[in-house]
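Undergrad: Quick one, model-v6.pdb (PDB, C-alpha atoms):
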ATOM      1  CA  MET T 209      26.265  50.296 -32.691  1.00  0.00           C
ATOM      2  CA  GLY T 210      24.511  48.360 -29.894  1.00  0.00           C
ATOM      3  CA  THR T 211      24.913  48.727 -26.155  1.00  0.00           C
ATOM      4  CA  LEU T 212      27.935  46.902 -24.753  1.00  0.00           C
ATOM      5  CA  PRO T 213      27.362  43.986 -22.365  1.00  0.00           C
ATOM      6  CA  THR T 214      27.529  44.855 -18.659  1.00  0.00           C
ATOM      7  CA  ILE T 215      27.845  42.424 -15.769  1.00  0.00           C
ATOM      8  CA  ILE T 216      25.956  43.066 -12.541  1.00  0.00           C
ATOM      9  CA  ARG T 217      27.392  40.931  -9.738  1.00  0.00           C
ATOM     10  CA  ALA T 218      25.044  39.551  -7.073  1.00  0.00           C
ATOM     11  CA  ALA T 219      27.223  41.004  -4.308  1.00  0.00           C
ATOM     12  CA  SER T 220      26.711  44.537  -5.667  1.00  0.00           C
ATOM     13  CA  LEU T 221      22.899  44.475  -5.367  1.00  0.00           C
ATOM     14  CA  GLN T 222      21.619  46.713  -2.586  1.00  0.00           C
ATOM     15  CA  PRO T 223      18.476  45.828  -0.607  1.00  0.00           C
ATOM     16  CA  ARG T 224      15.669  48.360  -0.405  1.00  0.00           C
ATOM     17  CA  PRO T 225      12.095  48.183   0.930  1.00  0.00           C
ATOM     18  CA  TRP T 226       9.196  47.496  -1.420  1.00  0.00           C
ATOM     19  CA  PRO T 227       7.236  50.662  -2.230  1.00  0.00           C
ATOM     20  CA  ASN T 228       4.545  49.499   0.240  1.00  0.00           C
ATOM     21  CA  GLY T 229       7.180  48.649   2.890  1.00  0.00           C
ATOM     22  CA  LEU T 230       6.062  45.004   3.266  1.00  0.00           C
ATOM     23  CA  GLY T 231       9.169  43.326   1.855  1.00  0.00           C
ATOM     24  CA  ILE T 232      12.713  43.710   0.535  1.00  0.00           C
ATOM     25  CA  THR T 233      13.904  43.830  -3.072  1.00  0.00           C
ATOM     26  CA  ARG T 234      17.174  44.358  -4.934  1.00  0.00           C
ATOM     27  CA  ASP T 235      17.087  46.257  -8.222  1.00  0.00           C
ATOM     28  CA  VAL T 236      19.220  44.632 -10.919  1.00  0.00           C
ATOM     29  CA  ALA T 237      18.570  47.073 -13.780  1.00  0.00           C
ATOM     30  CA  VAL T 238      16.215  49.873 -14.742  1.00  0.00           C
ATOM     31  CA  GLN T 239      15.777  51.436 -18.181  1.00  0.00           C
ATOM     32  CA  ASP T 240      14.274  54.693 -19.403  1.00  0.00           C
ATOM     33  CA  GLN T 241      12.296  56.985 -17.202  1.00  0.00           C
ATOM     34  CA  THR T 242       8.695  57.473 -18.417  1.00  0.00           C
ATOM     35  CA  GLU T 243       5.510  59.010 -17.036  1.00  0.00           C
ATOM     36  CA  THR T 244       5.069  55.899 -14.853  1.00  0.00           C
ATOM     37  CA  GLY T 245       8.597  56.107 -13.447  1.00  0.00           C
ATOM     38  CA  PHE T 246      10.485  53.609 -15.606  1.00  0.00           C
ATOM     39  CA  GLY T 247      10.314  51.802 -18.937  1.00  0.00           C
ATOM     40  CA  TRP T 248      11.352  48.433 -17.511  1.00  0.00           C
ATOM     41  CA  LEU T 249      12.819  47.181 -14.262  1.00  0.00           C
ATOM     42  CA  ILE T 250      14.415  43.885 -13.223  1.00  0.00           C
ATOM     43  CA  SER T 251      14.570  43.079  -9.508  1.00  0.00           C
ATOM     44  CA  ILE T 252      14.942  40.191  -7.080  1.00  0.00           C
ATOM     45  CA  ALA T 253      12.563  40.098  -4.109  1.00  0.00           C
ATOM     46  CA  ASP T 254      12.897  38.295  -0.795  1.00  0.00           C
ATOM     47  CA  LEU T 255       9.550  36.863   0.265  1.00  0.00           C
ATOM     48  CA  THR T 256       9.483  36.033   3.975  1.00  0.00           C
ATOM     49  CA  GLY T 257       5.758  35.442   4.375  1.00  0.00           C
ATOM     50  CA  GLU T 258       2.258  36.344   3.301  1.00  0.00           C
ATOM     51  CA  ALA T 259       2.009  39.946   2.046  1.00  0.00           C
ATOM     52  CA  ALA T 260       0.234  42.347  -0.263  1.00  0.00           C
ATOM     53  CA  PHE T 261       2.305  43.308  -3.301  1.00  0.00           C
ATOM     54  CA  SER T 262       3.044  46.943  -4.065  1.00  0.00           C
ATOM     55  CA  HIS T 263       0.816  48.830  -6.515  1.00  0.00           C
ATOM     56  CA  PHE T 264       2.460  49.776  -9.850  1.00  0.00           C
ATOM     57  CA  PRO T 265       0.161  51.924 -12.041  1.00  0.00           C
ATOM     58  CA  SER T 266       0.254  51.097 -15.795  1.00  0.00           C
ATOM     59  CA  ILE T 267       2.839  48.360 -15.209  1.00  0.00           C
ATOM     60  CA  ASP T 268       2.761  44.705 -16.275  1.00  0.00           C
ATOM     61  CA  ARG T 269       4.731  42.214 -14.250  1.00  0.00           C
ATOM     62  CA  VAL T 270       6.407  38.834 -14.776  1.00  0.00           C
ATOM     63  CA  PHE T 271       7.015  36.996 -11.486  1.00  0.00           C
ATOM     64  CA  THR T 272       9.262  33.898 -11.348  1.00  0.00           C
ATOM     65  CA  LEU T 273       9.960  31.995  -8.134  1.00  0.00           C
ATOM     66  CA  ILE T 274      13.653  31.066  -8.011  1.00  0.00           C
ATOM     67  CA  GLU T 275      13.697  29.775  -4.407  1.00  0.00           C
ATOM     68  CA  GLY T 276      10.927  28.271  -2.312  1.00  0.00           C
ATOM     69  CA  PRO T 277       8.320  25.541  -2.797  1.00  0.00           C
ATOM     70  CA  GLY T 278       5.665  27.526  -4.661  1.00  0.00           C
ATOM     71  CA  ALA T 279       3.029  30.108  -3.861  1.00  0.00           C
ATOM     72  CA  THR T 280      -0.392  31.473  -4.753  1.00  0.00           C
ATOM     73  CA  LEU T 281      -1.142  34.985  -5.926  1.00  0.00           C
ATOM     74  CA  THR T 282      -4.665  36.296  -5.484  1.00  0.00           C
ATOM     75  CA  LEU T 283      -5.479  39.181  -7.804  1.00  0.00           C
ATOM     76  CA  ASP T 284      -8.461  41.420  -7.123  1.00  0.00           C
ATOM     77  CA  GLY T 285     -11.374  40.258  -9.249  1.00  0.00           C
ATOM     78  CA  ARG T 286      -9.598  37.127 -10.557  1.00  0.00           C
ATOM     79  CA  PHE T 287      -9.161  33.503  -9.600  1.00  0.00           C
ATOM     80  CA  PRO T 288      -6.027  32.590  -7.619  1.00  0.00           C
ATOM     81  CA  LEU T 289      -2.881  32.266  -9.735  1.00  0.00           C
ATOM     82  CA  PRO T 290      -0.719  29.286  -8.693  1.00  0.00           C
ATOM     83  CA  CYS T 291       3.004  30.044  -8.971  1.00  0.00           C
ATOM     84  CA  HIS T 292       5.413  27.143  -9.365  1.00  0.00           C
ATOM     85  CA  PRO T 293       9.208  27.409  -9.078  1.00  0.00           C
ATOM     86  CA  TRP T 294      10.873  28.317 -12.393  1.00  0.00           C
ATOM     87  CA  VAL T 295       7.566  29.062 -14.158  1.00  0.00           C
ATOM     88  CA  PRO T 296       7.079  32.755 -15.078  1.00  0.00           C
ATOM     89  CA  ALA T 297       3.660  34.158 -14.109  1.00  0.00           C
ATOM     90  CA  CYS T 298       2.360  37.323 -15.804  1.00  0.00           C
ATOM     91  CA  PHE T 299      -0.125  39.735 -14.256  1.00  0.00           C
ATOM     92  CA  PRO T 300      -0.964  43.456 -14.150  1.00  0.00           C
ATOM     93  CA  GLY T 301       1.012  45.278 -11.458  1.00  0.00           C
ATOM     94  CA  ASP T 302      -1.823  47.732 -10.864  1.00  0.00           C
ATOM     95  CA  ARG T 303      -4.315  45.094  -9.660  1.00  0.00           C
ATOM     96  CA  PRO T 304      -4.374  44.506  -5.890  1.00  0.00           C
ATOM     97  CA  THR T 305      -2.322  41.313  -5.482  1.00  0.00           C
ATOM     98  CA  HIS T 306      -1.814  39.181  -2.384  1.00  0.00           C
ATOM     99  CA  TYR T 307       1.072  36.688  -2.040  1.00  0.00           C
ATOM    100  CA  ARG T 308       0.573  33.480  -0.055  1.00  0.00           C
ATOM    101  CA  PRO T 309       3.644  31.204   0.230  1.00  0.00           C
ATOM    102  CA  GLY T 310       3.392  27.452  -0.195  1.00  0.00           C
ATOM    103  CA  GLY T 311       5.674  27.121   2.830  1.00  0.00           C
ATOM    104  CA  GLY T 312       8.733  28.939   4.103  1.00  0.00           C
ATOM    105  CA  PRO T 313      10.692  31.884   2.712  1.00  0.00           C
ATOM    106  CA  ALA T 314      11.125  32.333  -1.036  1.00  0.00           C
ATOM    107  CA  ARG T 315      12.856  34.545  -3.582  1.00  0.00           C
ATOM    108  CA  ALA T 316      11.450  35.834  -6.866  1.00  0.00           C
ATOM    109  CA  PHE T 317      12.915  37.240 -10.059  1.00  0.00           C
ATOM    110  CA  ASN T 318      10.687  40.098 -11.272  1.00  0.00           C
ATOM    111  CA  VAL T 319      10.413  42.006 -14.532  1.00  0.00           C
ATOM    112  CA  PHE T 320       8.224  45.125 -14.621  1.00  0.00           C
ATOM    113  CA  THR T 321       7.357  46.948 -17.866  1.00  0.00           C
ATOM    114  CA  ASP T 322       5.440  50.108 -18.692  1.00  0.00           C
ATOM    115  CA  ARG T 323       2.587  48.463 -20.617  1.00  0.00           C
ATOM    116  CA  ASP T 324       2.206  51.462 -22.942  1.00  0.00           C
ATOM    117  CA  ALA T 325       5.835  51.255 -24.053  1.00  0.00           C
ATOM    118  CA  PHE T 326       7.166  47.697 -23.637  1.00  0.00           C
ATOM    119  CA  GLU T 327       6.333  44.019 -23.510  1.00  0.00           C
ATOM    120  CA  ALA T 328       8.522  41.528 -21.622  1.00  0.00           C
ATOM    121  CA  ARG T 329       9.113  37.851 -22.278  1.00  0.00           C
ATOM    122  CA  VAL T 330      10.841  35.814 -19.607  1.00  0.00           C
ATOM    123  CA  SER T 331      12.100  32.291 -20.274  1.00  0.00           C
ATOM    124  CA  VAL T 332      13.816  29.853 -17.933  1.00  0.00           C
ATOM    125  CA  ARG T 333      16.399  27.586 -19.559  1.00  0.00           C
ATOM    126  CA  SER T 334      17.898  24.540 -17.890  1.00  0.00           C
ATOM    127  CA  ILE T 335      21.262  23.904 -19.565  1.00  0.00           C
ATOM    128  CA  ALA T 336      23.111  20.597 -19.298  1.00  0.00           C
ATOM    129  CA  ALA T 337      26.762  20.634 -18.205  1.00  0.00           C
ATOM    130  CA  SER T 338      29.065  22.015 -20.916  1.00  0.00           C
ATOM    131  CA  HIS T 339      26.122  22.573 -23.277  1.00  0.00           C
ATOM    132  CA  ARG T 340      24.977  25.875 -24.725  1.00  0.00           C
ATOM    133  CA  VAL T 341      21.756  27.469 -25.875  1.00  0.00           C
ATOM    134  CA  PRO T 342      21.445  30.313 -28.379  1.00  0.00           C
ATOM    135  CA  GLY T 343      20.970  33.873 -27.172  1.00  0.00           C
ATOM    136  CA  ALA T 344      17.883  35.885 -28.127  1.00  0.00           C
ATOM    137  CA  ALA T 345      17.916  38.929 -30.413  1.00  0.00           C
ATOM    138  CA  ALA T 346      15.676  41.027 -28.145  1.00  0.00           C
ATOM    139  CA  SER T 347      17.306  39.945 -24.893  1.00  0.00           C
ATOM    140  CA  VAL T 348      18.172  42.707 -22.438  1.00  0.00           C
ATOM    141  CA  ALA T 349      19.401  40.431 -19.644  1.00  0.00           C
ATOM    142  CA  VAL T 350      20.541  36.933 -18.744  1.00  0.00           C
ATOM    143  CA  PHE T 351      20.368  36.036 -15.049  1.00  0.00           C
ATOM    144  CA  CYS T 352      22.387  33.093 -13.710  1.00  0.00           C
ATOM    145  CA  ALA T 353      19.892  31.474 -11.366  1.00  0.00           C
ATOM    146  CA  ARG T 354      21.937  28.318 -10.657  1.00  0.00           C
ATOM    147  CA  GLY T 355      25.385  27.031 -11.469  1.00  0.00           C
ATOM    148  CA  MET T 356      27.810  28.976 -13.643  1.00  0.00           C
ATOM    149  CA  LEU T 357      27.314  30.415 -17.129  1.00  0.00           C
ATOM    150  CA  GLU T 358      29.647  31.730 -19.791  1.00  0.00           C
ATOM    151  CA  ILE T 359      28.366  34.336 -22.248  1.00  0.00           C
ATOM    152  CA  GLY T 360      30.651  35.997 -24.792  1.00  0.00           C
ATOM    153  CA  GLY T 361      33.762  34.978 -22.846  1.00  0.00           C
ATOM    154  CA  GLU T 362      32.412  36.329 -19.511  1.00  0.00           C
ATOM    155  CA  ARG T 363      31.586  34.124 -16.515  1.00  0.00           C
ATOM    156  CA  LEU T 364      28.454  34.530 -14.426  1.00  0.00           C
ATOM    157  CA  GLU T 365      28.001  32.813 -11.070  1.00  0.00           C
ATOM    158  CA  GLY T 366      24.717  32.279  -9.238  1.00  0.00           C
ATOM    159  CA  GLY T 367      22.895  35.600  -8.807  1.00  0.00           C
ATOM    160  CA  ASP T 368      24.946  37.468 -11.443  1.00  0.00           C
ATOM    161  CA  THR T 369      23.290  39.148 -14.446  1.00  0.00           C
ATOM    162  CA  MET T 370      24.586  40.173 -17.856  1.00  0.00           C
ATOM    163  CA  LEU T 371      22.796  43.144 -19.394  1.00  0.00           C
ATOM    164  CA  HIS T 372      22.705  43.527 -23.189  1.00  0.00           C
ATOM    165  CA  PRO T 373      24.201  40.110 -24.056  1.00  0.00           C
ATOM    166  CA  ALA T 374      23.088  40.482 -27.706  1.00  0.00           C
ATOM    167  CA  GLU T 375      22.779  37.052 -29.320  1.00  0.00           C
ATOM    168  CA  ALA T 376      25.841  35.498 -27.658  1.00  0.00           C
ATOM    169  CA  PRO T 377      25.375  31.782 -26.856  1.00  0.00           C
ATOM    170  CA  ILE T 378      24.823  30.879 -23.192  1.00  0.00           C
ATOM    171  CA  GLU T 379      26.918  27.950 -21.944  1.00  0.00           C
ATOM    172  CA  ALA T 380      26.736  26.002 -18.668  1.00  0.00           C
ATOM    173  CA  VAL T 381      30.265  25.795 -17.241  1.00  0.00           C
ATOM    174  CA  GLY T 382      31.173  22.582 -15.409  1.00  0.00           C
ATOM    175  CA  ALA T 383      27.820  21.411 -13.995  1.00  0.00           C
ATOM    176  CA  ALA T 384      24.265  21.995 -15.209  1.00  0.00           C
ATOM    177  CA  ALA T 385      22.959  25.550 -14.813  1.00  0.00           C
ATOM    178  CA  ILE T 386      19.730  27.536 -14.999  1.00  0.00           C
ATOM    179  CA  ALA T 387      19.526  30.800 -16.942  1.00  0.00           C
ATOM    180  CA  ILE T 388      16.639  33.267 -16.958  1.00  0.00           C
ATOM    181  CA  ILE T 389      16.506  35.173 -20.229  1.00  0.00           C
ATOM    182  CA  VAL T 390      14.656  38.501 -20.333  1.00  0.00           C
ATOM    183  CA  GLU T 391      13.535  39.908 -23.676  1.00  0.00           C
ATOM    184  CA  VAL T 392      11.932  43.352 -23.900  1.00  0.00           C
ATOM    185  CA  MET T 393      10.205  44.513 -27.087  1.00  0.00           C
ATOM    186  CA  PRO T 394       8.272  47.669 -27.947  1.00  0.00           C
ATOM    187  CA  GLY T 395       4.672  47.337 -26.770  1.00  0.00           C
ATOM    188  CA  GLN T 396       1.629  47.525 -29.020  1.00  0.00           C
ATOM    189  CA  ALA T 397       0.796  51.087 -27.958  1.00  0.00           C
ATOM    190  CA  SER T 398       4.291  52.343 -28.800  1.00  0.00           C
ATOM    191  CA  GLN T 399       4.030  50.893 -32.325  1.00  0.00           C
ATOM    192  CA  GLU T 400       0.744  52.635 -33.204  1.00  0.00           C
TER     193      GLU T 400
END
Would you mind giving the structure from this file in structure tokens?

TA:
Amino acid sequence: MGTLPTIIRAASLQPRPWPNGLGITRDVAVQDQTETGFGWLISIADLTGEAAFSHFPSIDRVFTLIEGPGATLTLDGRFPLPCHPWVPACFPGDRPTHYRPGGGPARAFNVFTDRDAFEARVSVRSIAASHRVPGAAASVAVFCARGMLEIGGERLEGGDTMLHPAEAPIEAVGAAAIAIIVEVMPGQASQE
């Protein structure tokens, strides 16, 4: 038997400082403690200005701007990575990374995974009013980024998340909506 769906309401998320103290984040969900501290983590970060990102050993990261005009990430030893709103950007969390906003404050939806145990896929779906999209078999979370969603008879408003939605269809209620779907699969190292 699978894990039952759980709804995490936006109002219940508690702010905490980034590990390096240079920003604020709200943890949505964390799964399985491992040698690195967790198996996977979903969080929402407030980005008020230019800052260095925290260092996460052995962690891969998917960063998606959900508010703000865009930004640039500069990773140590790599070319700058342009980040556009609603476009997931993947990078290693253990490389020194510097965030430069495109203008004004922003907010980001983050997924962190222990690279030795898991691999994350993050997709952003724009759903027309009263339309639905299929759920994903490996999905661990659906985040309502805009509008209102219905999944398996449960309503999500902006900022709400459903954990373990299984393959339930995702429907935009009333107006158009944006859903962020997080899938987490076993990583290559855990399959060897």

Undergrad: Step by step, work through what the PyMOL selection byres ((chain T and resi 257) around 9) selects in the shown file, and finish by giving those residues as an NGL selection string.

TA: :T and (231 or 255-256 or 258-259 or 307-309 or 311-314)

Undergrad: For Leu249 of chain T, which of T:Ala353, T:Pro223, T:Thr369, T:Asp322 is the closest residue, counting all atoms listed in the file?

TA: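 The closest residue to Leu249 of chain T is T:Asp322.
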
Undergrad: How many Å lie between atom CA of Leu371 of chain T and atom CA of Pro290 of chain T, rounded to one decimal?

TA: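 Value for the atom CA of Leu371 of chain T-atom CA of Pro290 of chain T distance: 29.3 Å.
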
Undergrad: What's around Leu212 of chain T at 10 Å? Count all atoms listed in the file, leave out sequence neighbours fewer than 4 positions away in its own chain, and write the answer as a VMD selection string.

TA: chain T and resid 371 to 374

Undergrad: Go ahead and write the selection's residues with C-alpha atoms as a PDB file, in the frame of the given file.

TA:
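In the end it all went to again-v1.pdb:
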ATOM      1  CA  LEU T 371      22.796  43.144 -19.394  1.00  0.00           C
ATOM      2  CA  HIS T 372      22.705  43.527 -23.189  1.00  0.00           C
ATOM      3  CA  PRO T 373      24.201  40.110 -24.056  1.00  0.00           C
ATOM      4  CA  ALA T 374      23.088  40.482 -27.706  1.00  0.00           C
TER       5      ALA T 374
END

Undergrad: Go through T:Trp226, T:Phe326, T:Phe299, T:Phe351 and flag the residue nearest Leu283 of chain T, using all atoms listed in the file for the distances.

TA: T:Phe299

Undergrad: What does the PyMOL selection byres ((chain T and resi 345) around 12) select in this file, as a PyMOL selection string?

TA: chain T and resi 210+342-344+346-349+372-377+389-393

Undergrad: How would you write, as a VMD selection string, the residues chosen by the PyMOL selection byres ((chain T and resi 365) around 8) on this structure?

TA: chain T and resid 352 354 to 357 363 to 364 366 to 368

Undergrad: Work out how far apart atom CA of Val319 of chain T and atom CA of Ala336 of chain T are and give it in Å to one decimal.

TA: 25.3 Å

Undergrad: What's the separation between atom CA of Asp240 of chain T and atom CA of Pro227 of chain T, in Å to one decimal place?

TA: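 These atoms are spaced 19.0 Å apart.
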
Undergrad: Could you list, as a PyMOL selection string, every residue within 8 Å of Phe271 of chain T, counting all atoms listed in the file and ignoring same-chain residues fewer than 4 positions away?

TA: chain T and resi 296-298+316-319

Undergrad: Which residues come within 10 Å of Pro265 of chain T, counting all atoms listed in the file, excluding same-chain residues fewer than 6 positions away, as a ChimeraX atom specification?

TA: /T:244-245,300-303,322-323

Undergrad: Store the residues of this selection in a file with C-alpha atoms, as a PDB file, in the frame of the given file.

TA:
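Result went into part_6.pdb, see below:
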ATOM      1  CA  THR T 244       5.069  55.899 -14.853  1.00  0.00           C
ATOM      2  CA  GLY T 245       8.597  56.107 -13.447  1.00  0.00           C
ATOM      3  CA  PRO T 300      -0.964  43.456 -14.150  1.00  0.00           C
ATOM      4  CA  GLY T 301       1.012  45.278 -11.458  1.00  0.00           C
ATOM      5  CA  ASP T 302      -1.823  47.732 -10.864  1.00  0.00           C
ATOM      6  CA  ARG T 303      -4.315  45.094  -9.660  1.00  0.00           C
ATOM      7  CA  ASP T 322       5.440  50.108 -18.692  1.00  0.00           C
ATOM      8  CA  ARG T 323       2.587  48.463 -20.617  1.00  0.00           C
TER       9      ARG T 323
END

Undergrad: Box time for segment 275-283 of chain T: axis-aligned, enclosing all its listed atoms, 8 Å extra on each side; report centre and edge lengths in Å to one decimal, as lines of an AutoDock Vina configuration file.

TA:
center_x = 4.1
center_y = 32.4
center_z = -5.1
size_x = 35.2
size_y = 29.6
size_z = 21.5

Undergrad: For a quick check of understanding, using all atoms listed in the file, which of T:Gln222, T:Ser251, T:Asn228, T:Thr211 has the smallest distance to Phe320 of chain T?

TA: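 Closest to Phe320 of chain T, using all atoms listed in the file: T:Ser251.
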
Undergrad: Got a sec: who's within 7 Å of His339 of chain T, counting all atoms listed in the file, leaving out chain neighbours fewer than 3 positions off, as a ChimeraX atom specification?

TA: /T:335-336,379-380

Undergrad: Rank T:Ile216, T:Val270, T:Arg224, T:Thr305 by their smallest atom-to-atom distance to Phe287 of chain T, using all atoms listed in the file, and report the top residue only.

TA: T:Thr305

Undergrad: Select, from T:Thr272, T:Pro225, T:Gly382, T:Thr321, the residue with the minimum atom-to-atom distance to Gln239 of chain T, counting all atoms listed in the file.

TA: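 With all atoms listed in the file as the atom set, the closest residue is T:Thr321.
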
Undergrad: Between T:Asp324, T:Arg315, T:Gly361, T:Pro304, which has the minimum distance to His292 of chain T (counting all atoms listed in the file)?

TA: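 With all atoms listed in the file as the atom set, the closest residue is T:Arg315.
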